[in-house]
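Read through the structure below, which is laid out as structure tokens, and then see the notes.
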Amino acid sequence: MDKTSVKMSEETFRAFYVEEKFKGEFSSSIEEVPFSFLPDHEVLIKVHFSSLNYKDALSASGNKGVTRSYPHIPGIDASGVVIEDASGTFKEGQKVVVTGRDLGSNTSGGYGELIRVPKDWVVELPSGLELETAMKYGTAGFTAMYGVKRLQREVILPEDGKILVTGATGGVGSLAIFFLSELGYKVVAATGKLDKKEFLKELGAEEVIHRDEITNVTESFLLSREWNGAIETVGGNMLDAVIRQTNHDGAVACCGNILGHELNTNIYPFILRGVSLLGIDSAICKMPMRLKIWESIAARNHDKLPGNFAKIVELENLQPEIDATLKGEQSGRVIVQHQTS
């Protein structure tokens, strides 16, 4: 292997490195990490781009519910070029994407210039996507499109009525709005950030409402039927309220728990209205569906994304973006760029 081609200095590679200096005290720095830090898997990839997700922010902050042991390199997304593949599945120089699985959680992730992963985690970059564009979507876009496909599987059609998207300014929510709108759905965006109304409308939302309009409701078993379907990204009492407001034969795709992991609801929306609750697990997604999702993402008109939808940062400027993510101050996407020249 030509190690100069992967920009390594001797036996190291550059990474955003998180350590537990003292018990419960974590710090991050940009380090030259020994090549031996990488796990023993088949596919070695030079990472060009990664992205910032809420899960990454948790991992980078020492959340052991996400990452069991430190030191660690976060980054649950990566796009780059294959250096070598011991399995023979991928060719040297092939452009690829890796999202989800265990990348960046307990396996060294995309905030390093190199990753080494099992061949079954790797997807060839679909035609219609560039490495940078793929990370505009990343796990957030993958999750959003997975939710759209689950709604489509339940025959939730654009002409049937409104689709609600909660957590609308987040990565998953904003891309769900974009995908649904481009596919012809009438989207209502629910957010606590009404100052982002124009941003959400630019993404394709026909209507923007405050999230309290969803949750400030009575405890009635059933509520007024507002939505034919929903992509619900925050969980907790929001998910319960959305289920009780969903129309006959509607469906709710659930993919987040920022407001809580418990669901306190009742059975009547399911047995009297036929509402379907659809779980979205984008990390462990079978390869046939994974490929279909990436193909669907690649087929979108990427030029329709607002110009300010994604910002690019290098490793040195990543920590402030992590802090903003944990405070709920991000909107759109943050792309992490490695120095590849």
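For the structure tokens, the naming scheme is as follows: chains receive sequential letters (A, B, ...) according to their order of presentation, residues are indexed from 1 within each chain, and ligands are indexed from 1 in presentation order.
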
Long-range neighbours of range 49-57 of chain A as a short mmCIF file (atom, residue, chain, number, x, y, z; two decimals) with all heavy atoms, in the first residue's frame, 7 Å cut-off, only C-alpha atoms, 3 positions minimum in chain:
data_model
loop_
_atom_site.label_atom_id
_atom_site.label_comp_id
_atom_site.auth_asym_id
_atom_site.auth_seq_id
_atom_site.Cartn_x
_atom_site.Cartn_y
_atom_site.Cartn_z
N ALA A 60 -18.95 12.19 20.88
CA ALA A 60 -17.81 13.10 21.07
C ALA A 60 -17.80 13.71 22.46
O ALA A 60 -16.78 14.29 22.88
CB ALA A 60 -17.86 14.20 20.02
N SER A 61 -18.91 13.59 23.18
CA SER A 61 -19.01 14.18 24.52
C SER A 61 -18.88 13.15 25.63
O SER A 61 -19.07 13.47 26.81
CB SER A 61 -20.35 14.91 24.65
OG SER A 61 -20.48 15.87 23.64
N PRO A 74 -15.19 9.47 16.66
CA PRO A 74 -16.59 9.43 16.24
C PRO A 74 -16.75 9.57 14.73
O PRO A 74 -15.77 9.62 13.98
CB PRO A 74 -17.20 10.63 16.97
CG PRO A 74 -16.19 11.07 17.98
CD PRO A 74 -14.86 10.68 17.41
N GLY A 75 -18.02 9.68 14.31
CA GLY A 75 -18.34 9.87 12.89
C GLY A 75 -19.10 8.68 12.33
O GLY A 75 -18.49 7.74 11.82
N ILE A 76 -20.45 8.72 12.41
CA ILE A 76 -21.24 7.57 11.97
C ILE A 76 -21.44 7.55 10.46
O ILE A 76 -22.03 6.60 9.92
CB ILE A 76 -22.61 7.52 12.68
CG1 ILE A 76 -23.50 8.71 12.30
CG2 ILE A 76 -22.43 7.46 14.18
CD1 ILE A 76 -24.92 8.61 12.84
N ASP A 77 -20.93 8.59 9.76
CA ASP A 77 -21.02 8.67 8.31
C ASP A 77 -19.63 8.82 7.71
O ASP A 77 -18.76 9.46 8.31
CB ASP A 77 -21.86 9.87 7.87
CG ASP A 77 -23.31 9.79 8.29
OD1 ASP A 77 -23.79 8.67 8.52
OD2 ASP A 77 -23.96 10.85 8.37
N ALA A 78 -19.46 8.31 6.52
CA ALA A 78 -18.21 8.52 5.80
C ALA A 78 -18.43 8.30 4.30
O ALA A 78 -19.15 7.38 3.90
CB ALA A 78 -17.12 7.57 6.29
N SER A 79 -17.81 9.16 3.50
CA SER A 79 -17.74 8.92 2.06
C SER A 79 -16.28 9.07 1.66
O SER A 79 -15.57 9.96 2.17
CB SER A 79 -18.62 9.90 1.28
OG SER A 79 -18.17 11.23 1.44
N GLY A 80 -15.84 8.21 0.79
CA GLY A 80 -14.43 8.25 0.42
C GLY A 80 -14.08 7.24 -0.66
O GLY A 80 -14.95 6.81 -1.43
N GLY A 110 -15.81 8.21 10.94
CA GLY A 110 -15.50 9.08 9.82
C GLY A 110 -14.80 10.38 10.17
O GLY A 110 -14.45 11.15 9.27
N TYR A 111 -14.57 10.67 11.46
CA TYR A 111 -13.79 11.85 11.82
C TYR A 111 -12.29 11.53 11.80
O TYR A 111 -11.48 12.36 12.23
CB TYR A 111 -14.20 12.39 13.19
CG TYR A 111 -15.62 12.90 13.25
CD1 TYR A 111 -16.22 13.22 14.46
CD2 TYR A 111 -16.38 13.06 12.09
CE1 TYR A 111 -17.53 13.68 14.52
CE2 TYR A 111 -17.68 13.51 12.13
CZ TYR A 111 -18.26 13.81 13.35
OH TYR A 111 -19.56 14.27 13.42
N LEU A 131 -19.16 12.59 -3.59
CA LEU A 131 -18.81 12.26 -2.21
C LEU A 131 -19.29 13.33 -1.24
O LEU A 131 -19.82 13.02 -0.16
CB LEU A 131 -17.30 12.07 -2.08
CG LEU A 131 -16.71 10.85 -2.81
CD1 LEU A 131 -15.18 10.87 -2.72
CD2 LEU A 131 -17.25 9.55 -2.24
N GLU A 132 -19.16 14.59 -1.61
CA GLU A 132 -19.62 15.67 -0.73
C GLU A 132 -21.14 15.67 -0.61
O GLU A 132 -21.69 15.80 0.49
CB GLU A 132 -19.13 17.02 -1.26
CG GLU A 132 -19.59 18.19 -0.42
CD GLU A 132 -19.16 19.53 -0.99
OE1 GLU A 132 -18.07 19.61 -1.60
OE2 GLU A 132 -19.93 20.50 -0.83
N MET A 135 -22.73 13.26 1.76
CA MET A 135 -22.68 13.60 3.17
C MET A 135 -23.59 14.77 3.53
O MET A 135 -23.83 15.04 4.70
CB MET A 135 -21.24 13.89 3.60
CG MET A 135 -20.36 12.66 3.61
SD MET A 135 -20.87 11.41 4.84
CE MET A 135 -21.81 10.25 3.80
N GLY A 138 -26.16 11.80 4.31
CA GLY A 138 -25.64 10.97 5.37
C GLY A 138 -26.72 10.15 6.08
O GLY A 138 -27.76 9.83 5.48
N ILE A 322 -20.29 20.72 17.33
CA ILE A 322 -20.78 19.69 18.25
C ILE A 322 -21.52 20.32 19.42
O ILE A 322 -22.61 19.89 19.80
CB ILE A 322 -19.60 18.82 18.75
CG1 ILE A 322 -19.06 17.96 17.60
CG2 ILE A 322 -20.00 17.96 19.94
CD1 ILE A 322 -17.77 17.24 17.92
N THR A 325 -24.87 21.55 18.35
CA THR A 325 -25.79 20.43 18.14
C THR A 325 -26.39 19.97 19.45
O THR A 325 -27.60 19.74 19.57
CB THR A 325 -25.05 19.27 17.46
OG1 THR A 325 -24.58 19.69 16.17
CG2 THR A 325 -25.96 18.06 17.29
N LEU A 326 -25.56 19.86 20.48
CA LEU A 326 -26.04 19.42 21.79
C LEU A 326 -27.01 20.43 22.41
O LEU A 326 -27.90 20.06 23.17
CB LEU A 326 -24.86 19.18 22.72
CG LEU A 326 -23.98 17.98 22.37
CD1 LEU A 326 -22.72 17.98 23.23
CD2 LEU A 326 -24.74 16.67 22.53
N VAL A 334 -24.22 19.77 8.80
CA VAL A 334 -22.81 20.12 8.90
C VAL A 334 -22.00 18.99 8.26
O VAL A 334 -22.12 17.83 8.66
CB VAL A 334 -22.37 20.31 10.37
CG1 VAL A 334 -20.87 20.58 10.46
CG2 VAL A 334 -23.15 21.43 11.02
N ILE A 335 -21.20 19.34 7.26
CA ILE A 335 -20.33 18.38 6.58
C ILE A 335 -18.91 18.55 7.11
O ILE A 335 -18.42 19.67 7.24
CB ILE A 335 -20.35 18.59 5.06
CG1 ILE A 335 -21.76 18.41 4.50
CG2 ILE A 335 -19.39 17.63 4.36
CD1 ILE A 335 -21.89 18.78 3.05
N VAL A 336 -18.28 17.43 7.41
CA VAL A 336 -16.90 17.44 7.90
C VAL A 336 -16.00 17.04 6.75
O VAL A 336 -16.14 15.97 6.16
CB VAL A 336 -16.73 16.46 9.08
CG1 VAL A 336 -15.29 16.50 9.59
CG2 VAL A 336 -17.72 16.79 10.20
N GLN A 337 -15.05 17.92 6.41
CA GLN A 337 -14.16 17.71 5.28
C GLN A 337 -12.75 17.42 5.76
O GLN A 337 -12.20 18.14 6.59
CB GLN A 337 -14.15 18.93 4.37
CG GLN A 337 -13.25 18.77 3.13
CD GLN A 337 -13.32 19.98 2.22
OE1 GLN A 337 -13.69 21.08 2.65
NE2 GLN A 337 -13.00 19.78 0.97
N HIS A 338 -12.16 16.34 5.22
CA HIS A 338 -10.77 16.04 5.50
C HIS A 338 -9.88 16.68 4.47
O HIS A 338 -10.30 16.94 3.33
CB HIS A 338 -10.54 14.52 5.50
CG HIS A 338 -11.15 13.81 6.68
ND1 HIS A 338 -10.57 13.82 7.93
CD2 HIS A 338 -12.28 13.08 6.78
CE1 HIS A 338 -11.32 13.13 8.76
NE2 HIS A 338 -12.37 12.67 8.10
#

Within 12 Å of range 272-277 of chain A using only C-alpha atoms, minus same-chain residues under 2 positions, as number ranges by chain = A: 147, 150-151, 153-156, 221-225, 227-232, 239-240, 242-255, 263, 265-270, 279-280

Measuring atom to atom with only C-alpha atoms, identify which of A:Ile45, A:Glu207, A:Pro320, A:Phe179 is nearest to Tyr146 in chain A.
->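 Nearest to Tyr146 in chain A: A:Phe179.
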
Work out how far CA of Thr133 in chain A is from CA of Ala86 in chain A, in Å to one decimal.
->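 CA of Thr133 in chain A lies at a distance of 27.7 Å from CA of Ala86 in chain A.
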
Selection near Tyr137 in chain A, 9 Å with only C-alpha atoms, sequence-local residues under 3 positions removed, as a PyMOL selection string | chain A and resi 51+133-134+140-142+171-172+175+297+333

Which residues come within 10 Å of Ala205 in chain A, counting only C-alpha atoms, excluding same-chain residues fewer than 2 positions away, as a PDB file with N, CA, C and O atoms, in the first residue's frame?
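Output contents, as saved in out_5.pdb:
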ATOM      1  N   ILE A 163     -48.990  15.511   5.310  1.00  0.00           N
ATOM      2  CA  ILE A 163     -47.988  14.723   6.027  1.00  0.00           C
ATOM      3  C   ILE A 163     -47.291  15.651   7.015  1.00  0.00           C
ATOM      4  O   ILE A 163     -46.806  16.730   6.640  1.00  0.00           O
ATOM      5  N   LEU A 164     -47.240  15.245   8.262  1.00  0.00           N
ATOM      6  CA  LEU A 164     -46.581  16.029   9.303  1.00  0.00           C
ATOM      7  C   LEU A 164     -45.135  15.575   9.457  1.00  0.00           C
ATOM      8  O   LEU A 164     -44.840  14.379   9.424  1.00  0.00           O
ATOM      9  N   VAL A 165     -44.243  16.538   9.626  1.00  0.00           N
ATOM     10  CA  VAL A 165     -42.852  16.248   9.971  1.00  0.00           C
ATOM     11  C   VAL A 165     -42.526  17.006  11.247  1.00  0.00           C
ATOM     12  O   VAL A 165     -42.648  18.236  11.299  1.00  0.00           O
ATOM     13  N   ALA A 168     -38.574  19.614  12.733  1.00  0.00           N
ATOM     14  CA  ALA A 168     -38.427  19.939  11.320  1.00  0.00           C
ATOM     15  C   ALA A 168     -37.097  20.578  10.954  1.00  0.00           C
ATOM     16  O   ALA A 168     -36.643  20.452   9.810  1.00  0.00           O
ATOM     17  N   SER A 174     -35.565  18.021   8.369  1.00  0.00           N
ATOM     18  CA  SER A 174     -35.429  18.913   7.218  1.00  0.00           C
ATOM     19  C   SER A 174     -35.339  18.124   5.910  1.00  0.00           C
ATOM     20  O   SER A 174     -35.940  18.515   4.898  1.00  0.00           O
ATOM     21  N   ALA A 176     -36.530  15.070   5.447  1.00  0.00           N
ATOM     22  CA  ALA A 176     -37.842  14.459   5.218  1.00  0.00           C
ATOM     23  C   ALA A 176     -38.760  15.445   4.498  1.00  0.00           C
ATOM     24  O   ALA A 176     -39.486  15.073   3.560  1.00  0.00           O
ATOM     25  N   ILE A 177     -38.736  16.709   4.910  1.00  0.00           N
ATOM     26  CA  ILE A 177     -39.525  17.733   4.228  1.00  0.00           C
ATOM     27  C   ILE A 177     -39.120  17.830   2.766  1.00  0.00           C
ATOM     28  O   ILE A 177     -39.963  17.852   1.860  1.00  0.00           O
ATOM     29  N   PHE A 178     -37.824  17.881   2.522  1.00  0.00           N
ATOM     30  CA  PHE A 178     -37.310  17.998   1.154  1.00  0.00           C
ATOM     31  C   PHE A 178     -37.744  16.821   0.286  1.00  0.00           C
ATOM     32  O   PHE A 178     -38.273  17.000  -0.815  1.00  0.00           O
ATOM     33  N   LEU A 180     -40.209  14.532   0.791  1.00  0.00           N
ATOM     34  CA  LEU A 180     -41.659  14.443   0.649  1.00  0.00           C
ATOM     35  C   LEU A 180     -42.183  15.489  -0.317  1.00  0.00           C
ATOM     36  O   LEU A 180     -43.021  15.198  -1.183  1.00  0.00           O
ATOM     37  N   SER A 181     -41.691  16.707  -0.191  1.00  0.00           N
ATOM     38  CA  SER A 181     -42.133  17.776  -1.070  1.00  0.00           C
ATOM     39  C   SER A 181     -41.794  17.479  -2.520  1.00  0.00           C
ATOM     40  O   SER A 181     -42.619  17.670  -3.417  1.00  0.00           O
ATOM     41  N   TYR A 185     -45.863  15.462  -1.959  1.00  0.00           N
ATOM     42  CA  TYR A 185     -46.676  15.463  -0.741  1.00  0.00           C
ATOM     43  C   TYR A 185     -46.855  16.891  -0.211  1.00  0.00           C
ATOM     44  O   TYR A 185     -45.976  17.749  -0.393  1.00  0.00           O
ATOM     45  N   LYS A 186     -47.966  17.132   0.452  1.00  0.00           N
ATOM     46  CA  LYS A 186     -48.217  18.389   1.139  1.00  0.00           C
ATOM     47  C   LYS A 186     -47.690  18.243   2.560  1.00  0.00           C
ATOM     48  O   LYS A 186     -48.228  17.458   3.349  1.00  0.00           O
ATOM     49  N   VAL A 187     -46.665  18.995   2.885  1.00  0.00           N
ATOM     50  CA  VAL A 187     -45.940  18.804   4.138  1.00  0.00           C
ATOM     51  C   VAL A 187     -46.228  19.930   5.118  1.00  0.00           C
ATOM     52  O   VAL A 187     -46.146  21.112   4.775  1.00  0.00           O
ATOM     53  N   VAL A 188     -46.556  19.544   6.347  1.00  0.00           N
ATOM     54  CA  VAL A 188     -46.671  20.481   7.456  1.00  0.00           C
ATOM     55  C   VAL A 188     -45.469  20.257   8.373  1.00  0.00           C
ATOM     56  O   VAL A 188     -45.242  19.136   8.837  1.00  0.00           O
ATOM     57  N   ALA A 189     -44.700  21.305   8.626  1.00  0.00           N
ATOM     58  CA  ALA A 189     -43.500  21.207   9.457  1.00  0.00           C
ATOM     59  C   ALA A 189     -43.809  21.723  10.852  1.00  0.00           C
ATOM     60  O   ALA A 189     -44.331  22.825  11.010  1.00  0.00           O
ATOM     61  N   ALA A 190     -43.495  20.925  11.867  1.00  0.00           N
ATOM     62  CA  ALA A 190     -43.677  21.331  13.264  1.00  0.00           C
ATOM     63  C   ALA A 190     -42.314  21.593  13.891  1.00  0.00           C
ATOM     64  O   ALA A 190     -41.420  20.742  13.824  1.00  0.00           O
ATOM     65  N   LYS A 197     -38.880  29.637   9.764  1.00  0.00           N
ATOM     66  CA  LYS A 197     -40.035  29.362   8.903  1.00  0.00           C
ATOM     67  C   LYS A 197     -39.674  29.444   7.428  1.00  0.00           C
ATOM     68  O   LYS A 197     -40.052  28.563   6.640  1.00  0.00           O
ATOM     69  N   GLU A 198     -38.964  30.470   7.023  1.00  0.00           N
ATOM     70  CA  GLU A 198     -38.620  30.625   5.606  1.00  0.00           C
ATOM     71  C   GLU A 198     -37.686  29.516   5.144  1.00  0.00           C
ATOM     72  O   GLU A 198     -37.796  29.038   4.016  1.00  0.00           O
ATOM     73  N   PHE A 199     -36.765  29.122   6.001  1.00  0.00           N
ATOM     74  CA  PHE A 199     -35.862  28.008   5.693  1.00  0.00           C
ATOM     75  C   PHE A 199     -36.660  26.735   5.424  1.00  0.00           C
ATOM     76  O   PHE A 199     -36.413  26.015   4.450  1.00  0.00           O
ATOM     77  N   LEU A 200     -37.660  26.460   6.267  1.00  0.00           N
ATOM     78  CA  LEU A 200     -38.469  25.247   6.111  1.00  0.00           C
ATOM     79  C   LEU A 200     -39.344  25.318   4.866  1.00  0.00           C
ATOM     80  O   LEU A 200     -39.540  24.312   4.168  1.00  0.00           O
ATOM     81  N   LYS A 201     -39.831  26.500   4.542  1.00  0.00           N
ATOM     82  CA  LYS A 201     -40.635  26.644   3.328  1.00  0.00           C
ATOM     83  C   LYS A 201     -39.773  26.495   2.083  1.00  0.00           C
ATOM     84  O   LYS A 201     -40.209  25.968   1.067  1.00  0.00           O
ATOM     85  N   GLU A 202     -38.536  26.956   2.175  1.00  0.00           N
ATOM     86  CA  GLU A 202     -37.617  26.786   1.056  1.00  0.00           C
ATOM     87  C   GLU A 202     -37.321  25.309   0.811  1.00  0.00           C
ATOM     88  O   GLU A 202     -37.132  24.886  -0.324  1.00  0.00           O
ATOM     89  N   LEU A 203     -37.327  24.526   1.880  1.00  0.00           N
ATOM     90  CA  LEU A 203     -37.138  23.080   1.740  1.00  0.00           C
ATOM     91  C   LEU A 203     -38.358  22.398   1.132  1.00  0.00           C
ATOM     92  O   LEU A 203     -38.248  21.282   0.607  1.00  0.00           O
ATOM     93  N   GLU A 207     -46.733  24.424   5.055  1.00  0.00           N
ATOM     94  CA  GLU A 207     -47.208  25.079   6.263  1.00  0.00           C
ATOM     95  C   GLU A 207     -46.204  24.812   7.377  1.00  0.00           C
ATOM     96  O   GLU A 207     -45.632  23.728   7.470  1.00  0.00           O
ATOM     97  N   VAL A 208     -45.976  25.811   8.230  1.00  0.00           N
ATOM     98  CA  VAL A 208     -45.076  25.667   9.375  1.00  0.00           C
ATOM     99  C   VAL A 208     -45.862  26.040  10.619  1.00  0.00           C
ATOM    100  O   VAL A 208     -46.456  27.121  10.696  1.00  0.00           O
TER     101      VAL A 208
END

For Gln94 in chain A, work out the shell of residues within 9 Å, counting only C-alpha atoms and skipping chain neighbours fewer than 3 positions away, then give it as number ranges by chain.
-> A: 80-83, 90-91, 124-125

Could you pull out the helix (DSSP H, G or I) residues of range 82-161 of chain A from DSSP and send them as a VMD selection string?
-> chain A and resid 119 to 121 131 to 153 158 to 160

Using N, CA, C and O atoms, can you write the selected residues to a file as a CSV table (one decimal), in the first residue's frame?
chain,number,residue,atom,x,y,z
A,119,LYS,N,-16.8,-5.5,4.9
A,119,LYS,CA,-17.3,-5.3,3.5
A,119,LYS,C,-18.8,-5.1,3.4
A,119,LYS,O,-19.4,-4.4,2.6
A,120,ASP,N,-19.6,-5.8,4.3
A,120,ASP,CA,-21.0,-5.7,4.3
A,120,ASP,C,-21.6,-4.3,4.8
A,120,ASP,O,-22.8,-4.1,4.7
A,121,TRP,N,-20.7,-3.5,5.3
A,121,TRP,CA,-21.1,-2.1,5.6
A,121,TRP,C,-21.0,-1.1,4.5
A,121,TRP,O,-21.5,0.0,4.6
A,131,LEU,N,-19.2,12.6,-3.6
A,131,LEU,CA,-18.8,12.3,-2.2
A,131,LEU,C,-19.3,13.3,-1.2
A,131,LEU,O,-19.8,13.0,-0.2
A,132,GLU,N,-19.2,14.6,-1.6
A,132,GLU,CA,-19.6,15.7,-0.7
A,132,GLU,C,-21.1,15.7,-0.6
A,132,GLU,O,-21.7,15.8,0.5
A,133,THR,N,-21.8,15.5,-1.7
A,133,THR,CA,-23.3,15.5,-1.7
A,133,THR,C,-23.8,14.4,-0.9
A,133,THR,O,-24.8,14.6,-0.2
A,134,ALA,N,-23.2,13.3,-1.0
A,134,ALA,CA,-23.7,12.1,-0.2
A,134,ALA,C,-23.7,12.4,1.3
A,134,ALA,O,-24.5,12.0,2.1
A,135,MET,N,-22.7,13.3,1.8
A,135,MET,CA,-22.7,13.6,3.2
A,135,MET,C,-23.6,14.8,3.5
A,135,MET,O,-23.8,15.0,4.7
A,136,LYS,N,-24.1,15.5,2.5
A,136,LYS,CA,-25.2,16.4,2.8
A,136,LYS,C,-26.4,15.6,3.4
A,136,LYS,O,-27.2,16.1,4.1
A,137,TYR,N,-26.5,14.4,2.9
A,137,TYR,CA,-27.6,13.5,3.3
A,137,TYR,C,-27.2,12.7,4.5
A,137,TYR,O,-27.7,12.8,5.6
A,138,GLY,N,-26.2,11.8,4.3
A,138,GLY,CA,-25.6,11.0,5.4
A,138,GLY,C,-26.7,10.2,6.1
A,138,GLY,O,-27.8,9.8,5.5
A,139,THR,N,-26.5,9.8,7.3
A,139,THR,CA,-27.5,9.1,8.1
A,139,THR,C,-28.8,9.8,8.2
A,139,THR,O,-29.9,9.2,8.2
A,140,ALA,N,-28.8,11.1,8.4
A,140,ALA,CA,-30.0,11.9,8.5
A,140,ALA,C,-30.9,11.7,7.2
A,140,ALA,O,-32.1,11.4,7.3
A,141,GLY,N,-30.3,11.9,6.1
A,141,GLY,CA,-31.0,11.7,4.8
A,141,GLY,C,-31.4,10.3,4.6
A,141,GLY,O,-32.5,10.0,4.1
A,142,PHE,N,-30.6,9.3,5.0
A,142,PHE,CA,-30.9,7.9,4.8
A,142,PHE,C,-32.1,7.6,5.7
A,142,PHE,O,-33.0,6.9,5.3
A,143,THR,N,-32.1,8.1,6.9
A,143,THR,CA,-33.2,7.9,7.9
A,143,THR,C,-34.5,8.5,7.3
A,143,THR,O,-35.6,7.9,7.4
A,144,ALA,N,-34.4,9.7,6.8
A,144,ALA,CA,-35.6,10.4,6.3
A,144,ALA,C,-36.2,9.6,5.1
A,144,ALA,O,-37.4,9.5,5.0
A,145,MET,N,-35.3,9.2,4.2
A,145,MET,CA,-35.8,8.5,3.0
A,145,MET,C,-36.4,7.1,3.4
A,145,MET,O,-37.3,6.6,2.8
A,146,TYR,N,-35.8,6.5,4.4
A,146,TYR,CA,-36.3,5.2,4.9
A,146,TYR,C,-37.7,5.5,5.4
A,146,TYR,O,-38.7,4.7,5.2
A,147,GLY,N,-38.0,6.6,6.2
A,147,GLY,CA,-39.3,6.9,6.6
A,147,GLY,C,-40.3,7.1,5.5
A,147,GLY,O,-41.4,6.6,5.5
A,148,VAL,N,-39.8,7.8,4.5
A,148,VAL,CA,-40.7,8.0,3.3
A,148,VAL,C,-41.1,6.7,2.6
A,148,VAL,O,-42.2,6.5,2.3
A,149,LYS,N,-40.1,5.8,2.5
A,149,LYS,CA,-40.4,4.5,1.9
A,149,LYS,C,-41.3,3.7,2.7
A,149,LYS,O,-42.2,3.0,2.2
A,150,ARG,N,-41.2,3.8,4.0
A,150,ARG,CA,-42.2,3.0,4.9
A,150,ARG,C,-43.6,3.6,4.7
A,150,ARG,O,-44.6,2.8,4.7
A,151,LEU,N,-43.7,4.9,4.6
A,151,LEU,CA,-45.0,5.5,4.4
A,151,LEU,C,-45.6,5.0,3.0
A,151,LEU,O,-46.8,4.7,2.9
A,152,GLN,N,-44.7,5.0,2.0
A,152,GLN,CA,-45.2,4.6,0.7
A,152,GLN,C,-45.6,3.1,0.7
A,152,GLN,O,-46.5,2.7,0.0
A,153,ARG,N,-44.9,2.3,1.5
A,153,ARG,CA,-45.3,0.9,1.6
A,153,ARG,C,-46.7,0.7,2.2
A,153,ARG,O,-47.4,-0.2,1.9
A,158,PRO,N,-49.6,11.0,-2.0
A,158,PRO,CA,-49.6,12.5,-2.0
A,158,PRO,C,-51.0,13.1,-2.0
A,158,PRO,O,-51.3,14.1,-1.3
A,159,GLU,N,-51.9,12.5,-2.7
A,159,GLU,CA,-53.3,13.1,-2.9
A,159,GLU,C,-54.2,12.8,-1.7
A,159,GLU,O,-55.3,13.3,-1.6
A,160,ASP,N,-53.7,12.0,-0.7
A,160,ASP,CA,-54.6,11.6,0.4
A,160,ASP,C,-54.7,12.6,1.5
A,160,ASP,O,-55.6,12.5,2.3
